[in-house]
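Participant: Before I ask anything, let me first share the structure, which is written out below as structure tokens.
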Amino acid sequence: MKGLLQKTPKVVLFLATNEKAGRDKLQGILRYVRLHTPWTIHLLENRIGEQKLGDPRAWGATGMIVARMPDSIRTVADAALPTVVMDSRLLYAERLPRASFVTSDSFAIGHAGAEFFLKRGFAHFAYVADAEEWDWSTLRYQAFSERLQQAGHACELYGTVSKLERCDWTVDQQRLARWLLALPKPVAILAAHDRRARQVLETCQLAGLDVPGDLALLGVDNEEILCENTTPTLSSIQPDFEAGGYEAAHLLEQLMRRTLRTPQTLFYGVKQIVARESSRPSHLSDRRFLKGLEFIRLNSGANIGVPDIAGHMGVSRRMAEMLFRKFTGHSILDEIRQTRLARLKTFLLETALPIGQISVQCGFQTEMHAKRVFKQYTGQTMRQFRRTIGQ
């Protein structure tokens, strides 16, 4: 009977879970399965040394979901099973003409990026496309540019990349640096994705451009391991990957039950924009303050004080304090303490190093000083924090 299953579906997931996008998609798929239907799942993650699945039909597979693993196309095509792809159609459409697609809404991403910058009062804008000129990168630019044009603004494009530049980042970076220097300042830049945004940030530092002073920067994907480990930290648009995974599972379920027979193309939107330091509006900051902030983040593990920060900023101690209170609401010493505490928390959670050693590496004069400050700001001892948060 149509729509009824005789056996538990066996589904192969080709998901690159080394990326946040892949992990979030997997969460969405698993949430659908928990709520609606039992599946037997075989997960292929593209790990080194991973056992492959030569013929999914030999395992008894009844459906497949593919995301960010284009090397699997031949296996998927040969299996000729109900398939949902969570990637660009350009990668798969020719080899998988019967596949359905659940992909990120590139237009929504570009539009969201434009709205984000417009609300912060920027007047100059630019877009840095993916080096490979994928369709989704072009669509993001088109939506970004169209929304800006509606608001009366132009958008510069760093687009076509030569074959040599695609193969050699150092060559691409030289032209990108010249392009960035020629842009009117301050300028708000949307990059096609976080890796491209990080390349822009690296190039700005090489060219002597301040971020966010000269350029405000926004990436896409919110790959936290990239965004949280740059100086300054990188703002990013986060597509709703989990909702996409859920929708892909729902679509595959219909295909396996044969209640849906024709290929579908569905889209998922934007979950949120995570604003970090790279997108702060320049008119809300001061170049001297940004220099001081960067100095603290670079040297918080050393024995630094207010005179060191003021000297690097090129202002009097009084002016330095005024600037920090204006833009952070607290003193320079508070900023130093908070930066050291953030590092301390990271060490506590991600290493098994002794507390005394961590304290010194994070810039505290003694272990007792670190313990006192940590308890004052968090209400917990470091051992309690490591035990409860790490569980």
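Each chain in the structure tokens gets a letter, A, B and so on, in the order shown; residues start at 1 in every chain, and ligands are counted from 1 in the order they appear.
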Which residues are close to Ala21 in chain A, i.e. within 8 Å by only C-alpha atoms, leaving aside same-chain residues fewer than 4 positions away? Reply as a list in words.
Facilitator: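 Contacts, in chain order: Thr17, Lys25, Asp221, Glu223 and Phe241 of chain A.
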Participant: Write a file of the just-selected residues containing C-alpha atoms, as a tab-separated table (two decimals), in the first residue's frame.
Facilitator:
chain	number	residue	atom	x	y	z
A	17	THR	CA	31.18	16.32	10.18
A	25	LYS	CA	22.92	19.05	9.56
A	221	ASP	CA	28.70	29.71	8.09
A	223	GLU	CA	32.44	28.09	11.73
A	241	PHE	CA	21.87	24.04	8.92
Participant: Contacts of Ile65 in chain A at 9 Å or less, counting only C-alpha atoms, minus same-chain residues fewer than 4 places along, as a list in words?
Facilitator: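 Residues meeting the cut-off are Val11, Val12, Leu13, Phe14, Leu15, Pro82, Thr83, Val84, Val85, Met86, Ala248, Ala249 and Leu252 of chain A.
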Participant: Convert the current residue selection to file output with N, CA and C atoms, as an mmCIF file, in the first residue's frame.
Facilitator:
data_model
loop_
_atom_site.group_PDB
_atom_site.id
_atom_site.type_symbol
_atom_site.label_atom_id
_atom_site.label_comp_id
_atom_site.auth_asym_id
_atom_site.auth_seq_id
_atom_site.Cartn_x
_atom_site.Cartn_y
_atom_site.Cartn_z
ATOM 1 N N VAL A 11 19.430 4.012 5.991
ATOM 2 C CA VAL A 11 19.830 5.250 5.332
ATOM 3 C C VAL A 11 21.327 5.479 5.489
ATOM 4 N N VAL A 12 21.970 5.791 4.375
ATOM 5 C CA VAL A 12 23.387 6.151 4.381
ATOM 6 C C VAL A 12 23.505 7.673 4.402
ATOM 7 N N LEU A 13 24.273 8.188 5.351
ATOM 8 C CA LEU A 13 24.530 9.624 5.442
ATOM 9 C C LEU A 13 25.977 9.890 5.048
ATOM 10 N N PHE A 14 26.175 10.617 3.966
ATOM 11 C CA PHE A 14 27.506 11.083 3.579
ATOM 12 C C PHE A 14 27.637 12.518 4.091
ATOM 13 N N LEU A 15 28.200 12.683 5.290
ATOM 14 C CA LEU A 15 28.249 13.994 5.935
ATOM 15 C C LEU A 15 29.664 14.299 6.425
ATOM 16 N N PRO A 82 16.650 6.531 -3.655
ATOM 17 C CA PRO A 82 16.158 7.862 -3.294
ATOM 18 C C PRO A 82 17.252 8.658 -2.580
ATOM 19 N N THR A 83 17.525 9.851 -3.075
ATOM 20 C CA THR A 83 18.673 10.626 -2.589
ATOM 21 C C THR A 83 18.298 12.085 -2.392
ATOM 22 N N VAL A 84 18.767 12.641 -1.270
ATOM 23 C CA VAL A 84 18.634 14.074 -1.000
ATOM 24 C C VAL A 84 20.036 14.647 -0.840
ATOM 25 N N VAL A 85 20.313 15.719 -1.575
ATOM 26 C CA VAL A 85 21.625 16.366 -1.555
ATOM 27 C C VAL A 85 21.508 17.707 -0.854
ATOM 28 N N MET A 86 22.458 17.985 0.042
ATOM 29 C CA MET A 86 22.481 19.270 0.747
ATOM 30 C C MET A 86 23.723 20.056 0.323
ATOM 31 N N ALA A 248 15.717 17.792 5.082
ATOM 32 C CA ALA A 248 16.258 16.752 4.192
ATOM 33 C C ALA A 248 15.778 15.373 4.617
ATOM 34 N N ALA A 249 15.756 15.120 5.924
ATOM 35 C CA ALA A 249 15.271 13.832 6.426
ATOM 36 C C ALA A 249 13.789 13.650 6.116
ATOM 37 N N LEU A 252 13.454 12.874 2.417
ATOM 38 C CA LEU A 252 13.880 11.503 2.092
ATOM 39 C C LEU A 252 12.842 10.493 2.562
#
Participant: Skipping near chain neighbours, those fewer than 2 positions away, what residues fall within 10 Å of Val76 in chain A using only C-alpha atoms, listed as a list in words?
Facilitator: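 Once the nearby chain positions are removed, what remains is Val12, Phe14, Gly54, Asp55, Pro56, Gly63, Met64, Ile65, Val66, Pro70, Asp71, Ser72, Ile73, Arg74, Asp78, Ala79, Ala80, Leu81, Pro82, Thr83, Arg95, Leu96 and Ala99 of chain A.
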Participant: I need the residues from that last selection saved to file as a CSV table (one decimal), in the first residue's frame (with N, CA and C atoms), if you can.
Facilitator:
chain,number,residue,atom,x,y,z
A,12,VAL,N,22.0,5.8,4.4
A,12,VAL,CA,23.4,6.2,4.4
A,12,VAL,C,23.5,7.7,4.4
A,14,PHE,N,26.2,10.6,4.0
A,14,PHE,CA,27.5,11.1,3.6
A,14,PHE,C,27.6,12.5,4.1
A,54,GLY,N,31.3,0.4,-0.4
A,54,GLY,CA,31.4,0.2,-1.8
A,54,GLY,C,30.1,0.2,-2.5
A,55,ASP,N,29.1,-0.5,-2.0
A,55,ASP,CA,27.8,-0.6,-2.7
A,55,ASP,C,26.7,-0.5,-1.6
A,56,PRO,N,26.1,0.7,-1.5
A,56,PRO,CA,25.1,0.8,-0.4
A,56,PRO,C,24.0,-0.2,-0.5
A,63,GLY,N,17.9,4.6,1.2
A,63,GLY,CA,17.9,6.0,0.9
A,63,GLY,C,19.2,6.6,1.3
A,64,MET,N,19.5,7.8,0.8
A,64,MET,CA,20.8,8.5,1.1
A,64,MET,C,20.7,10.0,1.2
A,65,ILE,N,21.5,10.5,2.1
A,65,ILE,CA,21.6,12.0,2.2
A,65,ILE,C,23.1,12.3,2.1
A,66,VAL,N,23.4,13.3,1.2
A,66,VAL,CA,24.7,13.7,0.9
A,66,VAL,C,24.9,15.2,1.2
A,70,PRO,N,31.5,15.6,-2.2
A,70,PRO,CA,31.3,15.4,-3.6
A,70,PRO,C,32.1,14.2,-4.1
A,71,ASP,N,33.1,13.7,-3.3
A,71,ASP,CA,33.8,12.5,-3.8
A,71,ASP,C,32.9,11.2,-3.7
A,72,SER,N,31.7,11.4,-3.1
A,72,SER,CA,30.8,10.2,-3.0
A,72,SER,C,29.9,10.1,-4.2
A,73,ILE,N,30.0,11.0,-5.2
A,73,ILE,CA,29.0,11.1,-6.3
A,73,ILE,C,28.9,9.8,-7.0
A,74,ARG,N,30.0,9.2,-7.3
A,74,ARG,CA,30.0,7.9,-8.1
A,74,ARG,C,29.2,6.8,-7.3
A,78,ASP,N,25.7,5.2,-8.7
A,78,ASP,CA,25.6,3.8,-9.0
A,78,ASP,C,24.5,3.1,-8.2
A,79,ALA,N,24.3,3.6,-7.0
A,79,ALA,CA,23.3,3.0,-6.1
A,79,ALA,C,21.8,3.2,-6.6
A,80,ALA,N,21.6,4.4,-7.3
A,80,ALA,CA,20.3,4.7,-7.8
A,80,ALA,C,19.2,4.5,-6.8
A,81,LEU,N,19.4,5.1,-5.6
A,81,LEU,CA,18.4,5.0,-4.6
A,81,LEU,C,17.8,6.4,-4.3
A,82,PRO,N,16.7,6.5,-3.7
A,82,PRO,CA,16.2,7.9,-3.3
A,82,PRO,C,17.3,8.7,-2.6
A,83,THR,N,17.5,9.9,-3.1
A,83,THR,CA,18.7,10.6,-2.6
A,83,THR,C,18.3,12.1,-2.4
A,95,ARG,N,25.3,14.3,-12.6
A,95,ARG,CA,25.5,12.9,-12.3
A,95,ARG,C,24.3,12.3,-11.5
A,96,LEU,N,23.5,13.2,-10.9
A,96,LEU,CA,22.4,12.7,-10.1
A,96,LEU,C,21.1,13.5,-10.5
A,99,ALA,N,18.0,13.2,-8.2
A,99,ALA,CA,18.2,13.6,-6.8
A,99,ALA,C,17.3,14.8,-6.4
Participant: Which neighbours of Leu209 in chain A fall inside 9 Å, counting only C-alpha atoms, when residues of the same chain fewer than 5 positions from it are skipped, and could you give them as a list of chain:residue names?
Facilitator: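 Contacts, with the query itself left out: A:Leu180, A:Leu181, A:Thr203, A:Cys204, A:Asp214, A:Leu215.
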Participant: What gap, in Å, lies between CA of Cys227 in chain A and CA of Gln199 in chain A?
Facilitator: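 Here the two named atoms are 11.9 Å from each other.
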Participant: Quick one: residues within 12 Å of range 321-326 of chain A, only C-alpha atoms, excluding same-chain residues fewer than 6 positions away - as a VMD selection string?
Facilitator: chain A and resid 284 to 293 296 305 to 307 309 to 311 313 315 332 to 336
Participant: Would you output that residue set with N, CA and C atoms, as a PDB file, in the first residue's frame?
Facilitator:
ATOM      1  N   LEU A 284      31.505  53.934  15.841  1.00  0.00           N
ATOM      2  CA  LEU A 284      31.248  53.616  17.239  1.00  0.00           C
ATOM      3  C   LEU A 284      32.534  53.301  17.987  1.00  0.00           C
ATOM      4  N   SER A 285      33.666  53.370  17.290  1.00  0.00           N
ATOM      5  CA  SER A 285      34.942  53.078  17.894  1.00  0.00           C
ATOM      6  C   SER A 285      35.916  54.200  17.589  1.00  0.00           C
ATOM      7  N   ASP A 286      37.099  54.045  18.072  1.00  0.00           N
ATOM      8  CA  ASP A 286      38.168  55.013  17.870  1.00  0.00           C
ATOM      9  C   ASP A 286      39.420  54.208  17.559  1.00  0.00           C
ATOM     10  N   ARG A 287      40.176  54.668  16.569  1.00  0.00           N
ATOM     11  CA  ARG A 287      41.365  53.920  16.158  1.00  0.00           C
ATOM     12  C   ARG A 287      42.333  53.702  17.324  1.00  0.00           C
ATOM     13  N   ARG A 288      42.426  54.686  18.193  1.00  0.00           N
ATOM     14  CA  ARG A 288      43.322  54.550  19.344  1.00  0.00           C
ATOM     15  C   ARG A 288      42.822  53.460  20.295  1.00  0.00           C
ATOM     16  N   PHE A 289      41.518  53.435  20.502  1.00  0.00           N
ATOM     17  CA  PHE A 289      40.941  52.389  21.351  1.00  0.00           C
ATOM     18  C   PHE A 289      41.173  51.008  20.754  1.00  0.00           C
ATOM     19  N   LEU A 290      40.957  50.872  19.426  1.00  0.00           N
ATOM     20  CA  LEU A 290      41.155  49.578  18.775  1.00  0.00           C
ATOM     21  C   LEU A 290      42.594  49.105  18.894  1.00  0.00           C
ATOM     22  N   LYS A 291      43.551  50.042  18.808  1.00  0.00           N
ATOM     23  CA  LYS A 291      44.961  49.670  18.985  1.00  0.00           C
ATOM     24  C   LYS A 291      45.204  49.140  20.394  1.00  0.00           C
ATOM     25  N   GLY A 292      44.611  49.808  21.378  1.00  0.00           N
ATOM     26  CA  GLY A 292      44.773  49.360  22.754  1.00  0.00           C
ATOM     27  C   GLY A 292      44.141  48.002  22.990  1.00  0.00           C
ATOM     28  N   LEU A 293      42.961  47.781  22.401  1.00  0.00           N
ATOM     29  CA  LEU A 293      42.269  46.510  22.549  1.00  0.00           C
ATOM     30  C   LEU A 293      43.080  45.376  21.946  1.00  0.00           C
ATOM     31  N   ILE A 296      46.105  44.498  24.149  1.00  0.00           N
ATOM     32  CA  ILE A 296      45.748  43.674  25.305  1.00  0.00           C
ATOM     33  C   ILE A 296      45.566  42.226  24.890  1.00  0.00           C
ATOM     34  N   GLY A 305      50.475  46.613  31.975  1.00  0.00           N
ATOM     35  CA  GLY A 305      49.624  47.453  32.799  1.00  0.00           C
ATOM     36  C   GLY A 305      49.093  48.627  32.007  1.00  0.00           C
ATOM     37  N   VAL A 306      48.396  49.498  32.672  1.00  0.00           N
ATOM     38  CA  VAL A 306      47.776  50.643  32.007  1.00  0.00           C
ATOM     39  C   VAL A 306      48.800  51.505  31.269  1.00  0.00           C
ATOM     40  N   PRO A 307      49.987  51.813  31.853  1.00  0.00           N
ATOM     41  CA  PRO A 307      50.962  52.631  31.117  1.00  0.00           C
ATOM     42  C   PRO A 307      51.383  52.009  29.786  1.00  0.00           C
ATOM     43  N   ILE A 309      49.554  50.067  27.817  1.00  0.00           N
ATOM     44  CA  ILE A 309      48.461  50.202  26.845  1.00  0.00           C
ATOM     45  C   ILE A 309      48.367  51.643  26.362  1.00  0.00           C
ATOM     46  N   ALA A 310      48.443  52.598  27.296  1.00  0.00           N
ATOM     47  CA  ALA A 310      48.367  54.012  26.915  1.00  0.00           C
ATOM     48  C   ALA A 310      49.507  54.380  25.981  1.00  0.00           C
ATOM     49  N   GLY A 311      50.703  53.878  26.273  1.00  0.00           N
ATOM     50  CA  GLY A 311      51.851  54.165  25.411  1.00  0.00           C
ATOM     51  C   GLY A 311      51.657  53.620  24.006  1.00  0.00           C
ATOM     52  N   MET A 313      48.818  53.138  22.559  1.00  0.00           N
ATOM     53  CA  MET A 313      47.751  53.924  21.953  1.00  0.00           C
ATOM     54  C   MET A 313      48.224  55.320  21.541  1.00  0.00           C
ATOM     55  N   VAL A 315      48.497  57.922  23.636  1.00  0.00           N
ATOM     56  CA  VAL A 315      47.722  58.932  24.357  1.00  0.00           C
ATOM     57  C   VAL A 315      48.128  58.902  25.828  1.00  0.00           C
ATOM     58  N   ILE A 332      40.609  49.966  31.866  1.00  0.00           N
ATOM     59  CA  ILE A 332      41.613  49.166  31.161  1.00  0.00           C
ATOM     60  C   ILE A 332      41.979  47.937  31.981  1.00  0.00           C
ATOM     61  N   LEU A 333      42.132  48.100  33.285  1.00  0.00           N
ATOM     62  CA  LEU A 333      42.463  46.944  34.126  1.00  0.00           C
ATOM     63  C   LEU A 333      41.372  45.885  34.068  1.00  0.00           C
ATOM     64  N   ASP A 334      40.115  46.314  34.043  1.00  0.00           N
ATOM     65  CA  ASP A 334      39.014  45.349  33.910  1.00  0.00           C
ATOM     66  C   ASP A 334      39.105  44.608  32.578  1.00  0.00           C
ATOM     67  N   GLU A 335      39.455  45.319  31.505  1.00  0.00           N
ATOM     68  CA  GLU A 335      39.593  44.672  30.197  1.00  0.00           C
ATOM     69  C   GLU A 335      40.716  43.647  30.215  1.00  0.00           C
ATOM     70  N   ILE A 336      41.846  44.001  30.868  1.00  0.00           N
ATOM     71  CA  ILE A 336      42.964  43.058  30.979  1.00  0.00           C
ATOM     72  C   ILE A 336      42.526  41.819  31.757  1.00  0.00           C
TER      73      ILE A 336
END
Participant: Skipping near chain neighbours, those fewer than 5 positions away, what residues fall within 9 Å of range 266-278 of chain A using only C-alpha atoms, listed as a VMD selection string?
Facilitator: chain A and resid 100 to 109 112 to 113 116 201 211 to 213 215 to 218 220 222 227 to 228 231 to 241 243 to 244 247 to 248
Participant: For Leu260 in chain A, find every residue with an atom within 12 Å (counting only C-alpha atoms), except residues of its own chain fewer than 2 positions away, and show them as a PDB file with N, CA and C atoms, in the first residue's frame.
Facilitator:
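Now in part-v3.pdb:
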ATOM      1  N   LYS A   2       0.481   2.227  -0.763  1.00  0.00           N
ATOM      2  CA  LYS A   2       1.251   3.455  -0.905  1.00  0.00           C
ATOM      3  C   LYS A   2       1.425   4.149   0.440  1.00  0.00           C
ATOM      4  N   GLY A   3       2.688   4.531   0.753  1.00  0.00           N
ATOM      5  CA  GLY A   3       2.987   5.266   1.962  1.00  0.00           C
ATOM      6  C   GLY A   3       3.319   4.415   3.159  1.00  0.00           C
ATOM      7  N   PRO A  82      16.650   6.531  -3.655  1.00  0.00           N
ATOM      8  CA  PRO A  82      16.158   7.862  -3.294  1.00  0.00           C
ATOM      9  C   PRO A  82      17.252   8.658  -2.580  1.00  0.00           C
ATOM     10  N   SER A 100      16.941  14.901  -5.174  1.00  0.00           N
ATOM     11  CA  SER A 100      16.303  16.100  -4.645  1.00  0.00           C
ATOM     12  C   SER A 100      17.351  16.917  -3.894  1.00  0.00           C
ATOM     13  N   HIS A 250      13.017  14.710   6.311  1.00  0.00           N
ATOM     14  CA  HIS A 250      11.588  14.651   6.011  1.00  0.00           C
ATOM     15  C   HIS A 250      11.344  14.363   4.530  1.00  0.00           C
ATOM     16  N   LEU A 251      12.113  15.008   3.673  1.00  0.00           N
ATOM     17  CA  LEU A 251      11.971  14.800   2.234  1.00  0.00           C
ATOM     18  C   LEU A 251      12.360  13.377   1.849  1.00  0.00           C
ATOM     19  N   LEU A 252      13.454  12.874   2.417  1.00  0.00           N
ATOM     20  CA  LEU A 252      13.880  11.503   2.092  1.00  0.00           C
ATOM     21  C   LEU A 252      12.842  10.493   2.562  1.00  0.00           C
ATOM     22  N   GLU A 253      12.257  10.740   3.709  1.00  0.00           N
ATOM     23  CA  GLU A 253      11.223   9.837   4.210  1.00  0.00           C
ATOM     24  C   GLU A 253      10.070   9.727   3.203  1.00  0.00           C
ATOM     25  N   GLN A 254       9.645  10.845   2.642  1.00  0.00           N
ATOM     26  CA  GLN A 254       8.570  10.829   1.650  1.00  0.00           C
ATOM     27  C   GLN A 254       8.987  10.082   0.388  1.00  0.00           C
ATOM     28  N   LEU A 255      10.239  10.270  -0.028  1.00  0.00           N
ATOM     29  CA  LEU A 255      10.736   9.574  -1.227  1.00  0.00           C
ATOM     30  C   LEU A 255      10.809   8.067  -0.998  1.00  0.00           C
ATOM     31  N   MET A 256      11.245   7.652   0.190  1.00  0.00           N
ATOM     32  CA  MET A 256      11.348   6.219   0.477  1.00  0.00           C
ATOM     33  C   MET A 256       9.960   5.588   0.613  1.00  0.00           C
ATOM     34  N   ARG A 257       9.003   6.333   1.115  1.00  0.00           N
ATOM     35  CA  ARG A 257       7.635   5.830   1.232  1.00  0.00           C
ATOM     36  C   ARG A 257       6.872   5.922  -0.089  1.00  0.00           C
ATOM     37  N   ARG A 258       7.496   6.595  -1.057  1.00  0.00           N
ATOM     38  CA  ARG A 258       6.922   6.756  -2.395  1.00  0.00           C
ATOM     39  C   ARG A 258       5.637   7.578  -2.384  1.00  0.00           C
ATOM     40  N   THR A 262       8.560  12.897  -7.577  1.00  0.00           N
ATOM     41  CA  THR A 262       9.315  13.821  -8.416  1.00  0.00           C
ATOM     42  C   THR A 262      10.388  14.525  -7.595  1.00  0.00           C
ATOM     43  N   PRO A 263      11.565  14.773  -8.197  1.00  0.00           N
ATOM     44  CA  PRO A 263      12.640  15.475  -7.482  1.00  0.00           C
ATOM     45  C   PRO A 263      12.193  16.856  -7.001  1.00  0.00           C
ATOM     46  N   GLN A 264      12.647  17.233  -5.819  1.00  0.00           N
ATOM     47  CA  GLN A 264      12.282  18.506  -5.208  1.00  0.00           C
ATOM     48  C   GLN A 264      13.535  19.351  -4.964  1.00  0.00           C
TER      49      GLN A 264
END
Participant: What does the distance from CA of Ala192 in chain A to CA of Thr138 in chain A come to in Å, to one decimal?
Facilitator: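 Atom-to-atom, CA of Ala192 in chain A to CA of Thr138 in chain A, that is 8.7 Å.
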Participant: With DSSP run on the backbone, what are the strand (DSSP E) residues within range 177-355 of chain A? I'd like them as a list in words.
Facilitator: Val187, Ala188, Ile189, Leu190, Ala191, Leu215, Ala216, Leu217, Leu218, Gly219, Val220, Ser235, Ser236, Ile237, Gln238, Pro239, Thr265, Leu266, Phe267, Tyr268, Val270, Lys271, Gln272, Ile273 and Val274 of chain A
Participant: Here is a test: counting only C-alpha atoms, which residue of A:Tyr32, A:Thr62, A:Ser137, A:Leu183 is nearest to Thr8 in chain A?
Facilitator: A:Thr62
Participant: Please extract the residues of range 154-346 of chain A with a backbone DSSP assignment of helix (DSSP H, G or I) and present them as number ranges by chain.
Facilitator: A: 163-167, 169-182, 194-207, 224-227, 241-257, 277-279, 282-284, 287-299, 306-313, 317-328, 332-346
Participant: Have a look at A:Glu115, A:Trp59, A:Ile225, A:His42 and name the one nearest to Asn18 in chain A; count only C-alpha atoms.
Facilitator: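 Checking each of A:Glu115, A:Trp59, A:Ile225, A:His42 against Asn18 in chain A, counting only C-alpha atoms, the winner is A:Ile225.
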Participant: Rounded to one decimal place, report the CA of Phe125 in chain A-CA of Ile189 in chain A distance in Å.
Facilitator: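 Taking CA of Phe125 in chain A as the start and CA of Ile189 in chain A as the end point, the length is 5.8 Å.
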Participant: Show me, as a Markdown table, the residues of range 54-135 of chain A having an atom within 10 Å of range 153-160 of chain A, each with the closest atom pair and its distance in Å, using only C-alpha atoms.
Facilitator:
| residue | atom | partner | partner_atom | distance |
| --- | --- | --- | --- | --- |
| A:Leu118 | CA | A:His153 | CA | 9.7 |
| A:Phe122 | CA | A:His153 | CA | 9.6 |
| A:Ala123 | CA | A:His153 | CA | 6.9 |
| A:His124 | CA | A:His153 | CA | 7.2 |
| A:Phe125 | CA | A:Cys155 | CA | 5.0 |
| A:Ala126 | CA | A:Glu156 | CA | 4.4 |
| A:Tyr127 | CA | A:Leu157 | CA | 5.0 |
| A:Val128 | CA | A:Tyr158 | CA | 4.8 |
| A:Ala129 | CA | A:Gly159 | CA | 5.3 |
| A:Asp130 | CA | A:Gly159 | CA | 7.6 |
| A:Ala131 | CA | A:Thr160 | CA | 7.4 |
| A:Glu132 | CA | A:Thr160 | CA | 8.5 |
| A:Glu133 | CA | A:Thr160 | CA | 7.2 |
Participant: Please, could you write that set of residues out with N, CA and C atoms as an mmCIF file, in the first residue's frame?
Facilitator:
data_model
loop_
_atom_site.group_PDB
_atom_site.id
_atom_site.type_symbol
_atom_site.label_atom_id
_atom_site.label_comp_id
_atom_site.auth_asym_id
_atom_site.auth_seq_id
_atom_site.Cartn_x
_atom_site.Cartn_y
_atom_site.Cartn_z
ATOM 1 N N LEU A 118 23.576 47.818 6.859
ATOM 2 C CA LEU A 118 22.793 49.043 6.725
ATOM 3 C C LEU A 118 22.330 49.550 8.085
ATOM 4 N N PHE A 122 26.676 51.998 7.751
ATOM 5 C CA PHE A 122 27.760 52.065 6.770
ATOM 6 C C PHE A 122 27.265 52.688 5.465
ATOM 7 N N ALA A 123 28.201 53.304 4.732
ATOM 8 C CA ALA A 123 27.867 53.959 3.461
ATOM 9 C C ALA A 123 28.617 53.356 2.278
ATOM 10 N N HIS A 124 29.675 52.580 2.543
ATOM 11 C CA HIS A 124 30.466 51.953 1.474
ATOM 12 C C HIS A 124 30.467 50.440 1.703
ATOM 13 N N PHE A 125 30.342 49.687 0.593
ATOM 14 C CA PHE A 125 30.151 48.247 0.709
ATOM 15 C C PHE A 125 30.939 47.496 -0.366
ATOM 16 N N ALA A 126 31.287 46.257 -0.058
ATOM 17 C CA ALA A 126 31.996 45.422 -1.021
ATOM 18 C C ALA A 126 31.711 43.953 -0.716
ATOM 19 N N TYR A 127 31.947 43.127 -1.710
ATOM 20 C CA TYR A 127 31.726 41.676 -1.580
ATOM 21 C C TYR A 127 32.947 40.948 -2.130
ATOM 22 N N VAL A 128 33.402 39.939 -1.384
ATOM 23 C CA VAL A 128 34.519 39.099 -1.833
ATOM 24 C C VAL A 128 33.971 37.712 -2.134
ATOM 25 N N ALA A 129 33.968 37.360 -3.413
ATOM 26 C CA ALA A 129 33.378 36.094 -3.863
ATOM 27 C C ALA A 129 34.311 34.922 -3.570
ATOM 28 N N ASP A 130 33.762 33.724 -3.630
ATOM 29 C CA ASP A 130 34.575 32.518 -3.528
ATOM 30 C C ASP A 130 35.495 32.425 -4.743
ATOM 31 N N ALA A 131 36.677 31.917 -4.536
ATOM 32 C CA ALA A 131 37.659 31.843 -5.617
ATOM 33 C C ALA A 131 37.189 30.949 -6.761
ATOM 34 N N GLU A 132 36.328 29.989 -6.480
ATOM 35 C CA GLU A 132 35.875 29.045 -7.506
ATOM 36 C C GLU A 132 34.621 29.516 -8.234
ATOM 37 N N GLU A 133 34.052 30.635 -7.861
ATOM 38 C CA GLU A 133 32.886 31.209 -8.543
ATOM 39 C C GLU A 133 31.690 30.253 -8.581
#
Participant: Would you mind telling me which residue in A:Thr40, A:Pro9, A:Arg261, A:Arg198 lies nearest to Arg98 in chain A when using only C-alpha atoms?
Facilitator: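 Looking only at the distances to Arg98 in chain A, the closest residue turns out to be A:Arg261.
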Participant: Could you check which of A:Asp194, A:Leu344, A:Arg31, A:Thr366 is closest to Met382 in chain A, using only C-alpha atoms?
Facilitator: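 Once distances to Met382 in chain A are computed over only C-alpha atoms, the minimum belongs to A:Leu344.
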